[in-house]
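Enquirer: Once you've had a glance at the structure underneath, I'll fire off some questions.
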Amino acid sequence: MTATEALINQPYKYGFVTDIEAETLPRGLNEDIIRMISAKKNEPDFMLDFRLKAYHQWLKMKEPNWAHVGYRPIDFNNIIYYSEPKQQQEKKESLDEVDPALLETFEKLGIPLSEQKRLGNVAVDAIFDSVSVATTFKEKLAEHGVIFCSISEALQEYPELVKKYMGSVVPTGDNFFAALNSAVFSDGSFVYVPKGVECPMELSTYFRMNTDEAGQFERTLIVAEEGASVSYLEGCTAPMYDSNQLHAAVVELVALDDANIKYSTVQNWFAGDKEGKGGIYNFVTKRGLCKGNNSKISWTQVETGSAVTWKYPSCVLAGDNSVGEFYSIALTNNYQQADTGTKMIHIGKNTKSTIISKGISAGESKNSYRGLVKMGPKADGARNYSQCDSMLIGDRAEGNTFPYIQVDNNETKVEHEASTAKIGEEQLFYFLQRGISEEDAVSMIVSGFCKEVFNQLPMEFASEADKLLGLKLENSVG
Amino acid sequence: MSISVSSQDQIANQDQFLSQLIDQCQGKAKGDSTFDAWLQKRQQEAAGWVLESRMPHHKDEEWRFTDLSPLVEHHYQKRQVSEISSDSLQSFHFGEAESAKLVFVNGHYSPSLSNVKDLPAGVTIGNLANLDAQQQSKVTDYLTQQEGGEELFTALNTAGFDDTAVVWIPSNTEVETPIHLLFLSVGDDTPTLIQPRALVIAQTSSKVTIIEQYAGLSAATPYFNNPVTEMWVAANAEVNHIRLQQEELNSFQIAKTAVTQAQDSRYYSYPISLGARLSRHDFDVFQTGTQTATRLYGLTLGNGEQLSDTHSAIAFRHPHSKADQLQKNILTDRARAVFNGKIFVPQAAQLTDAAQLNRNLLLSEKAHVDTKPELNITADNVQCSHGATVSQLEAEELFYLQSRGLNRQSAANLLIDGFAAEIIKEVPVVSVQKQLFRRLANRFIS
């Protein structure tokens with residue numbers, strides 16, 4: 001084993017299980033389960049109709065198999081579609097009433113929720129299995145008119161807003177996993193930033209999957225009205241189990257005229273052990289709609305976890321002069337498989353998109369970039385620049401790129417570049433020669449390789465993400 | 001997924017289409033020599049593959065952007081063509097290759113139009129049917145032996161080809177004259193099926209230049225040309241391969257070129273796509289040894305309603321090799337181009353150096369391009385890159401030339417010419433270069 005290879009094996013430190021009594025619905029999926037989920041959440045009728053419609057569409061769909069990943073078939077009738085901590089049946093008014101075991105869990109994960117410890121300028125919505133445990137800084141946000149709560153709460157308090165936007169970007173029948181999510185989604189975050197408001201703090205959701213063999217189906221909806229702007233971050237972890245858990249989320253973003261949404265993800269689901277046993281199947285549909293003119297949606301993702309990732313955060317650039325961005329780092333190790341990328345659909349005039357993707361694959365993992373840039377017939381003056389670089393560590397890792405470019409308009413310009421390389425012996429030698437250890441050298445090279453993406457993350461999380469990559473590539477120089 | 005009634009009809013039509021085509025292919029090798037028996041067996045096997053297949057459609061990743069329904073609309077039949085006069089071949093003449101020219105009309109060898117003389121000792125340039133028994137038995141190691149032979153259209157050709165252009169260059173031999181293989185397609189008043197085949201074998205340390213040309217001669221109704229070319233480049237051999245596709249503008253070509261490269265060999269190829277209403281070129285390069293060099297420099301010109309689809313795949317399997325691919329497309333009117341370039345670098349192919357670039361120039365609003373460069377890499381000690389660009393003529397470049405006194409039209413012409421020249425200038429036969437520049441001027445430069 002070379003020193004470089006030896007660097008990349010680091011135990012997953014979020015793999016503990018919280019021993020808490022959970023109330024779960026029976027395994028399997030049918031109309032009754034969906035009605036039960038909807039009833040448990042006391043949802044308005046339109047939501048139940050939405051779910052049932054999605055369920056019937058889902059029944060007719062086939063699981064997609066075009067991604068460059070392989071996994072054991074999922075038995076959709078052996079999944080627990082809903083699980084909630086028993087104490088948490090109703091959302092508590094104050095944090096004092098929340099089960100201390102839950103607070104402790106989040107504290108251990110580095111997300112303190114209690115008044116004195118919480119992060120100074122970040123509002124957090126903490127989601128444990130299927131329900132939201134707590135949302136911080138709600139009052140301060142309300143002063144500015146910003147709504148930040150769980151989807152379940154939003155359905156009680158702002159049903160009209162949810163009805164207007166949910167499903168408008170990712171329709172119920174969009175794809176197999178989106179349809180499944182639309183039928184059974186449990187909770188997630190809802191953000192609404194009214195006209196002209198610049199959200200005063202970072203918003204963040206932290207997802208924790210705890211129950212074995214339960215699926216997590218979160219649904220996030222963010223709406224930025226005219227001239228509004230918001231920055232949002234999600235983080236995710238799960239305990240280590242031998243079995244695989246399914247995570248099929250849907251995220252919808254809507255940006256109206258001059259609005260600006262920045263969505264960052266640090267995904268660190270359990271990736272399975274060294275032999276590739278266990279881990280999360282992360283099948284996610286994320287899409288943003290730049291509905292208004294001059295709007296902007298920016299995706300940043302740091303993907304380090306999950307056994308299998310299938311995820312393409314996309315931008316539909318409908319408004320004239322709208323801007324879409326995608327910055328991604330995907331790190332795979334051992335037997336992880338990631339097929340991830342983005343879609344930039346240019347519809348409006350003078351729309352611009354930028355794609356920067358960095359894939360690092362180590363061990364026996366597979367890491368594919370798959371992207372689409374589409375220039376519609378009316379997208380005069382549209383412009384795209386894509387760059388996807390892969391770095392391979394070890395000679396059994398696989399790095400692929402599958403960029404699709406479709407151009408229907410000659411007044412546009414598309415540029416795509418990709419490269420693959422490894423950490424060169426010469427580069428390492430250069431560092432060693434200057435007295436820098438091999439371990440530090442590798443982490444510096446990787447850090448430099450990813451810098452363009454780190455720079456896009458909100459400050460608080462950039463260092464966290466850098467540390468995360470560092471952790472994954474740390475220790476045990478042979 | 002529910003299937004509507006109309007698409008069920010379509011599927012039934014397409015299956016019928018295949019069985020009609022395979023009916024045209026039955027029992028071609030009729031002799032009773034060992035070679036004929038061998039060939040019959042290969043052809044029957046291939047016919048079986050065709051019957052097991054279904055027509056590809058847009059749900060198949062490899063055919064996502066190329067709709068074959070215009071092809072399926074017609075009912076194609078094979079037919080012999082009476083001799084055509086050599087006068088009609090004036091425009092398919094390259095001075096350098098005068099003494100090494102093989103002409104096939106609708107897949108049948110035409111001795112009167114061909115001209116082969118003054119070859120170095122041991123070189124064979126001829127058609128399969130006229131080879132002697134010893135030569136035929138040597139060919140069995142190569143003919144129909146490339147990978148991918150079970151793919152639908154390749155199998156269809158194998159099941160039904162009538163004759164084969166055979167070029168055999170023995171070891172340590174350099175053929176200085178370019179060898180011109182001209183495959184003429186002559187249409188008729190009913191749709192015609194044409195299935196030419198070519199086999200090029202360059203043995204150890206030999207060197208040769210091949211001009212493979214497909215051209216249509218007047219077609220009142222569309223024809224369907226389904227050619228297959230197999231090339232074997234042995235150790236340290238060098239093959240330069242110019243491929244010119246100039247089918248009639250109402251007709252179809254679905255082509256396969258399969259190349260196998262042994263250790264230290266060099267294969268330089270220039271696929272140029274000019275004609276056909278719908279053309280598809282599957283271009284596969286397989287490597288069987290280390291230190292190979294591969295170059296694919298392709299150019300597609302599209303006018304009117306043309307659709308030109310290039311699918312290339314370079315499969316490395318051994319270390320220390322190089323590949324350099326540049327595919328350029330110039331499109332105007334409502335023309336469409338599809339490019340999919342795959343490069344496979346498995347773990348065994350360490351120290352591979354591969355570069356791929358696809359550049360597209362769209363000269364009209366309705367021109368359309370779908371491009372998908374694809375890298376598939378498992379080896380870590382490699383340098384691989386790919387890129388794709390799509391744009392119209394650069395406003396800045398036009399302005400620069402105009403600021404130096406050229407009018408807008410001449411500036412545009414100069415830029416189009418320059419865009420294509422990057423490929424055309426590399427073509428190793430001067431008269432082909434000249435002809436390509438003339439065709440470019442006729443089609444895009446006003």
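Just so we're on the same page: first chain in the structure tokens is A, next is B, and so on; residues restart at 1 for each chain, and ligands are numbered from 1 in the order they show up.
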Output as a PyMOL selection string the set of chain A residues within 9 Å of chain B, with distances taken over only C-alpha atoms.
Expert: chain A and resi 60-62+66+366+368+377+387+389+391-424
Enquirer: Now that the selection is made, can you save its residues with N, CA and C atoms as a compact mmCIF listing (two decimals), in the first residue's frame?
Expert:
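The result, written out as part-v6.txt:
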```
# COMPACT_ATOMS: atom_id res chain seq x y z
N LYS A 60 -46.55 3.08 -11.59
CA LYS A 60 -46.39 2.80 -13.02
C LYS A 60 -44.96 2.98 -13.50
N MET A 61 -44.10 3.49 -12.61
CA MET A 61 -42.75 3.82 -13.08
C MET A 61 -41.76 2.70 -12.80
N LYS A 62 -40.65 2.73 -13.56
CA LYS A 62 -39.58 1.75 -13.36
C LYS A 62 -38.39 2.42 -12.70
N TRP A 66 -29.84 3.74 -15.58
CA TRP A 66 -28.82 4.27 -16.49
C TRP A 66 -27.59 4.79 -15.76
N LYS A 366 -16.23 4.09 -7.34
CA LYS A 366 -16.58 4.60 -8.66
C LYS A 366 -17.11 6.01 -8.50
N SER A 368 -18.53 9.16 -10.82
CA SER A 368 -18.86 9.63 -12.17
C SER A 368 -19.46 11.03 -12.12
N PRO A 377 -34.04 26.97 -27.85
CA PRO A 377 -34.07 27.81 -29.07
C PRO A 377 -34.22 29.30 -28.78
N GLN A 387 -16.31 22.76 -16.09
CA GLN A 387 -15.01 22.17 -15.90
C GLN A 387 -15.18 21.01 -14.94
N ASP A 389 -12.98 17.98 -13.17
CA ASP A 389 -11.68 17.35 -12.99
C ASP A 389 -11.83 16.15 -12.07
N MET A 391 -9.63 13.22 -9.75
CA MET A 391 -8.35 12.82 -9.20
C MET A 391 -8.50 11.39 -8.73
N LEU A 392 -7.58 10.54 -9.13
CA LEU A 392 -7.66 9.14 -8.75
C LEU A 392 -6.57 8.84 -7.73
N ILE A 393 -6.95 8.17 -6.64
CA ILE A 393 -5.98 7.77 -5.64
C ILE A 393 -6.00 6.24 -5.60
N GLY A 394 -4.93 5.62 -6.01
CA GLY A 394 -4.91 4.16 -6.10
C GLY A 394 -5.35 3.73 -7.48
N ASP A 395 -4.89 2.55 -7.91
CA ASP A 395 -5.16 2.19 -9.30
C ASP A 395 -6.39 1.30 -9.45
N ARG A 396 -7.21 1.21 -8.40
CA ARG A 396 -8.45 0.46 -8.57
C ARG A 396 -9.67 1.36 -8.52
N ALA A 397 -9.44 2.64 -8.31
CA ALA A 397 -10.55 3.58 -8.27
C ALA A 397 -10.92 3.98 -9.70
N GLU A 398 -12.17 4.36 -9.88
CA GLU A 398 -12.64 4.66 -11.22
C GLU A 398 -13.20 6.09 -11.26
N GLY A 399 -12.82 6.83 -12.25
CA GLY A 399 -13.36 8.18 -12.41
C GLY A 399 -13.90 8.33 -13.82
N ASN A 400 -15.15 8.75 -13.95
CA ASN A 400 -15.76 8.86 -15.27
C ASN A 400 -16.38 10.23 -15.45
N THR A 401 -16.48 10.65 -16.69
CA THR A 401 -17.27 11.85 -16.95
C THR A 401 -18.21 11.58 -18.10
N PHE A 402 -19.45 11.96 -17.91
CA PHE A 402 -20.46 11.81 -18.96
C PHE A 402 -21.17 13.15 -19.15
N PRO A 403 -20.54 14.10 -19.78
CA PRO A 403 -21.24 15.38 -19.98
C PRO A 403 -22.09 15.33 -21.24
N TYR A 404 -23.32 15.77 -21.15
CA TYR A 404 -24.18 15.88 -22.33
C TYR A 404 -24.32 17.36 -22.66
N ILE A 405 -24.16 17.69 -23.92
CA ILE A 405 -24.35 19.08 -24.32
C ILE A 405 -25.33 19.10 -25.49
N GLN A 406 -26.41 19.83 -25.33
CA GLN A 406 -27.40 19.91 -26.42
C GLN A 406 -27.63 21.38 -26.74
N VAL A 407 -27.36 21.73 -27.97
CA VAL A 407 -27.47 23.13 -28.33
C VAL A 407 -28.45 23.31 -29.47
N ASP A 408 -29.43 24.15 -29.24
CA ASP A 408 -30.48 24.39 -30.22
C ASP A 408 -30.45 25.83 -30.71
N ASN A 409 -29.37 26.53 -30.44
CA ASN A 409 -29.38 27.96 -30.69
C ASN A 409 -27.94 28.37 -31.00
N ASN A 410 -27.73 29.08 -32.10
CA ASN A 410 -26.34 29.39 -32.43
C ASN A 410 -25.85 30.70 -31.81
N GLU A 411 -26.75 31.40 -31.09
CA GLU A 411 -26.31 32.63 -30.43
C GLU A 411 -25.82 32.32 -29.02
N THR A 412 -25.41 31.11 -28.78
CA THR A 412 -24.99 30.74 -27.43
C THR A 412 -23.55 30.26 -27.48
N LYS A 413 -22.98 30.09 -26.32
CA LYS A 413 -21.62 29.61 -26.28
C LYS A 413 -21.46 28.61 -25.14
N VAL A 414 -20.96 27.46 -25.46
CA VAL A 414 -20.79 26.41 -24.46
C VAL A 414 -19.34 25.96 -24.47
N GLU A 415 -18.75 25.88 -23.31
CA GLU A 415 -17.39 25.35 -23.23
C GLU A 415 -17.35 24.29 -22.15
N HIS A 416 -16.74 23.19 -22.47
CA HIS A 416 -16.63 22.12 -21.48
C HIS A 416 -15.20 21.61 -21.46
N GLU A 417 -14.69 21.41 -20.26
CA GLU A 417 -13.34 20.86 -20.15
C GLU A 417 -13.34 19.80 -19.08
N ALA A 418 -12.55 18.79 -19.26
CA ALA A 418 -12.42 17.80 -18.20
C ALA A 418 -11.02 17.25 -18.21
N SER A 419 -10.55 16.84 -17.06
CA SER A 419 -9.24 16.24 -17.01
C SER A 419 -9.20 15.21 -15.90
N THR A 420 -8.27 14.31 -15.99
CA THR A 420 -8.09 13.30 -14.96
C THR A 420 -6.62 13.23 -14.65
N ALA A 421 -6.31 13.18 -13.39
CA ALA A 421 -4.90 13.08 -13.05
C ALA A 421 -4.76 12.42 -11.70
N LYS A 422 -3.53 12.18 -11.28
CA LYS A 422 -3.34 11.64 -9.95
C LYS A 422 -2.41 12.56 -9.19
N ILE A 423 -2.21 12.25 -7.91
CA ILE A 423 -1.23 13.00 -7.16
C ILE A 423 0.13 12.49 -7.62
N GLY A 424 0.84 13.33 -8.32
CA GLY A 424 2.07 12.88 -8.95
C GLY A 424 3.18 12.59 -7.95
```
Enquirer: When DSSP is applied to the backbone of this structure, which of stretch 128-248 of chain A are assigned alpha helix (DSSP H)? Write them out as a count of residues only.
Expert: 29
Enquirer: Which is closer to B:Asn329 than all the others in B:His281, B:Gln24, B:Tyr270, B:Ala420, using only C-alpha atoms?
Expert: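 Distance minimum relative to B:Asn329 lands on B:Ala420.
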Enquirer: Please provide the set of residues having any atom within 8 Å of stretch 44-49 of chain A, restricted to only C-alpha atoms, with same-chain residues fewer than 4 positions apart removed, written as a ChimeraX atom specification.
Expert: /A:34-35,38,53,155-156,159,163
Enquirer: Rounded to one decimal, what separation in Å do you get between atom CA of A:Val122 and atom CA of A:Glu234?
Expert: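 About the pair atom CA of A:Val122 and atom CA of A:Glu234: they are 11.6 Å apart.
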Enquirer: Atom CA of B:Ile125 to atom CA of B:Thr294: how many Å, to one decimal?
Expert: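 Interatomic distance here is 24.3 Å.
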Enquirer: State, in Å with one decimal place, the distance from atom CA of B:Glu147 to atom CA of B:Gln43.
Expert: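 Atom CA of B:Glu147 sits 15.5 Å away from atom CA of B:Gln43.
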Enquirer: List the neighbours of A:Lys277 out to 8 Å using only C-alpha atoms; skip same-chain residues closer than 6 positions along the sequence, and give me the result as a list of chain:residue names.
Expert: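 Surrounding residues, per the criterion: A:Asp242, A:Ser243, A:Asn244.
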Enquirer: Which residue, B:Gln146, B:Phe437, B:Val123, B:Thr204, has the smallest gap to B:Trp168 when you use only C-alpha atoms?
Expert: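 Closest residue, counting only C-alpha atoms: B:Val123.
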Enquirer: Give me every strand (DSSP E or B) residue in stretch 22-271 of chain B, going by DSSP on the backbone, as number ranges by chain.
Expert: B: 77, 100-105, 108-109, 115-116, 124-127, 165-169, 174, 179-186, 192-194, 197-202, 207-217, 223-225, 228-233, 238-246, 252-261, 266-271
Enquirer: Which residues, written as an MDAnalysis selection string, have at least one atom at most 8 Å from B:Asn172, with only C-alpha atoms counted and residues fewer than 2 positions away on the same chain left out?
Expert: chainID B and resid 170 174 203:207
Enquirer: Can you spit out the residues from that selection as an mmCIF file, in the first residue's frame, using C-alpha atoms?
Expert:
```cif
data_model
loop_
_atom_site.group_PDB
_atom_site.id
_atom_site.type_symbol
_atom_site.label_atom_id
_atom_site.label_comp_id
_atom_site.auth_asym_id
_atom_site.auth_seq_id
_atom_site.Cartn_x
_atom_site.Cartn_y
_atom_site.Cartn_z
ATOM 1 C CA PRO B 170 3.139 -7.894 -45.799
ATOM 2 C CA GLU B 174 5.907 0.380 -47.322
ATOM 3 C CA GLN B 203 1.515 -6.640 -41.041
ATOM 4 C CA THR B 204 4.521 -6.031 -38.824
ATOM 5 C CA SER B 205 6.441 -2.838 -39.569
ATOM 6 C CA SER B 206 4.532 -2.086 -42.735
ATOM 7 C CA LYS B 207 3.151 1.286 -43.754
#
```
Enquirer: Name the closest residue to B:Thr310 among the candidates B:Asn130, B:Ser171, B:Ser279, B:Ser82; distances are taken between atoms, counting only C-alpha atoms.
Expert: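 Going through B:Asn130, B:Ser171, B:Ser279, B:Ser82 one by one, the smallest distance to B:Thr310 is for B:Ser279.
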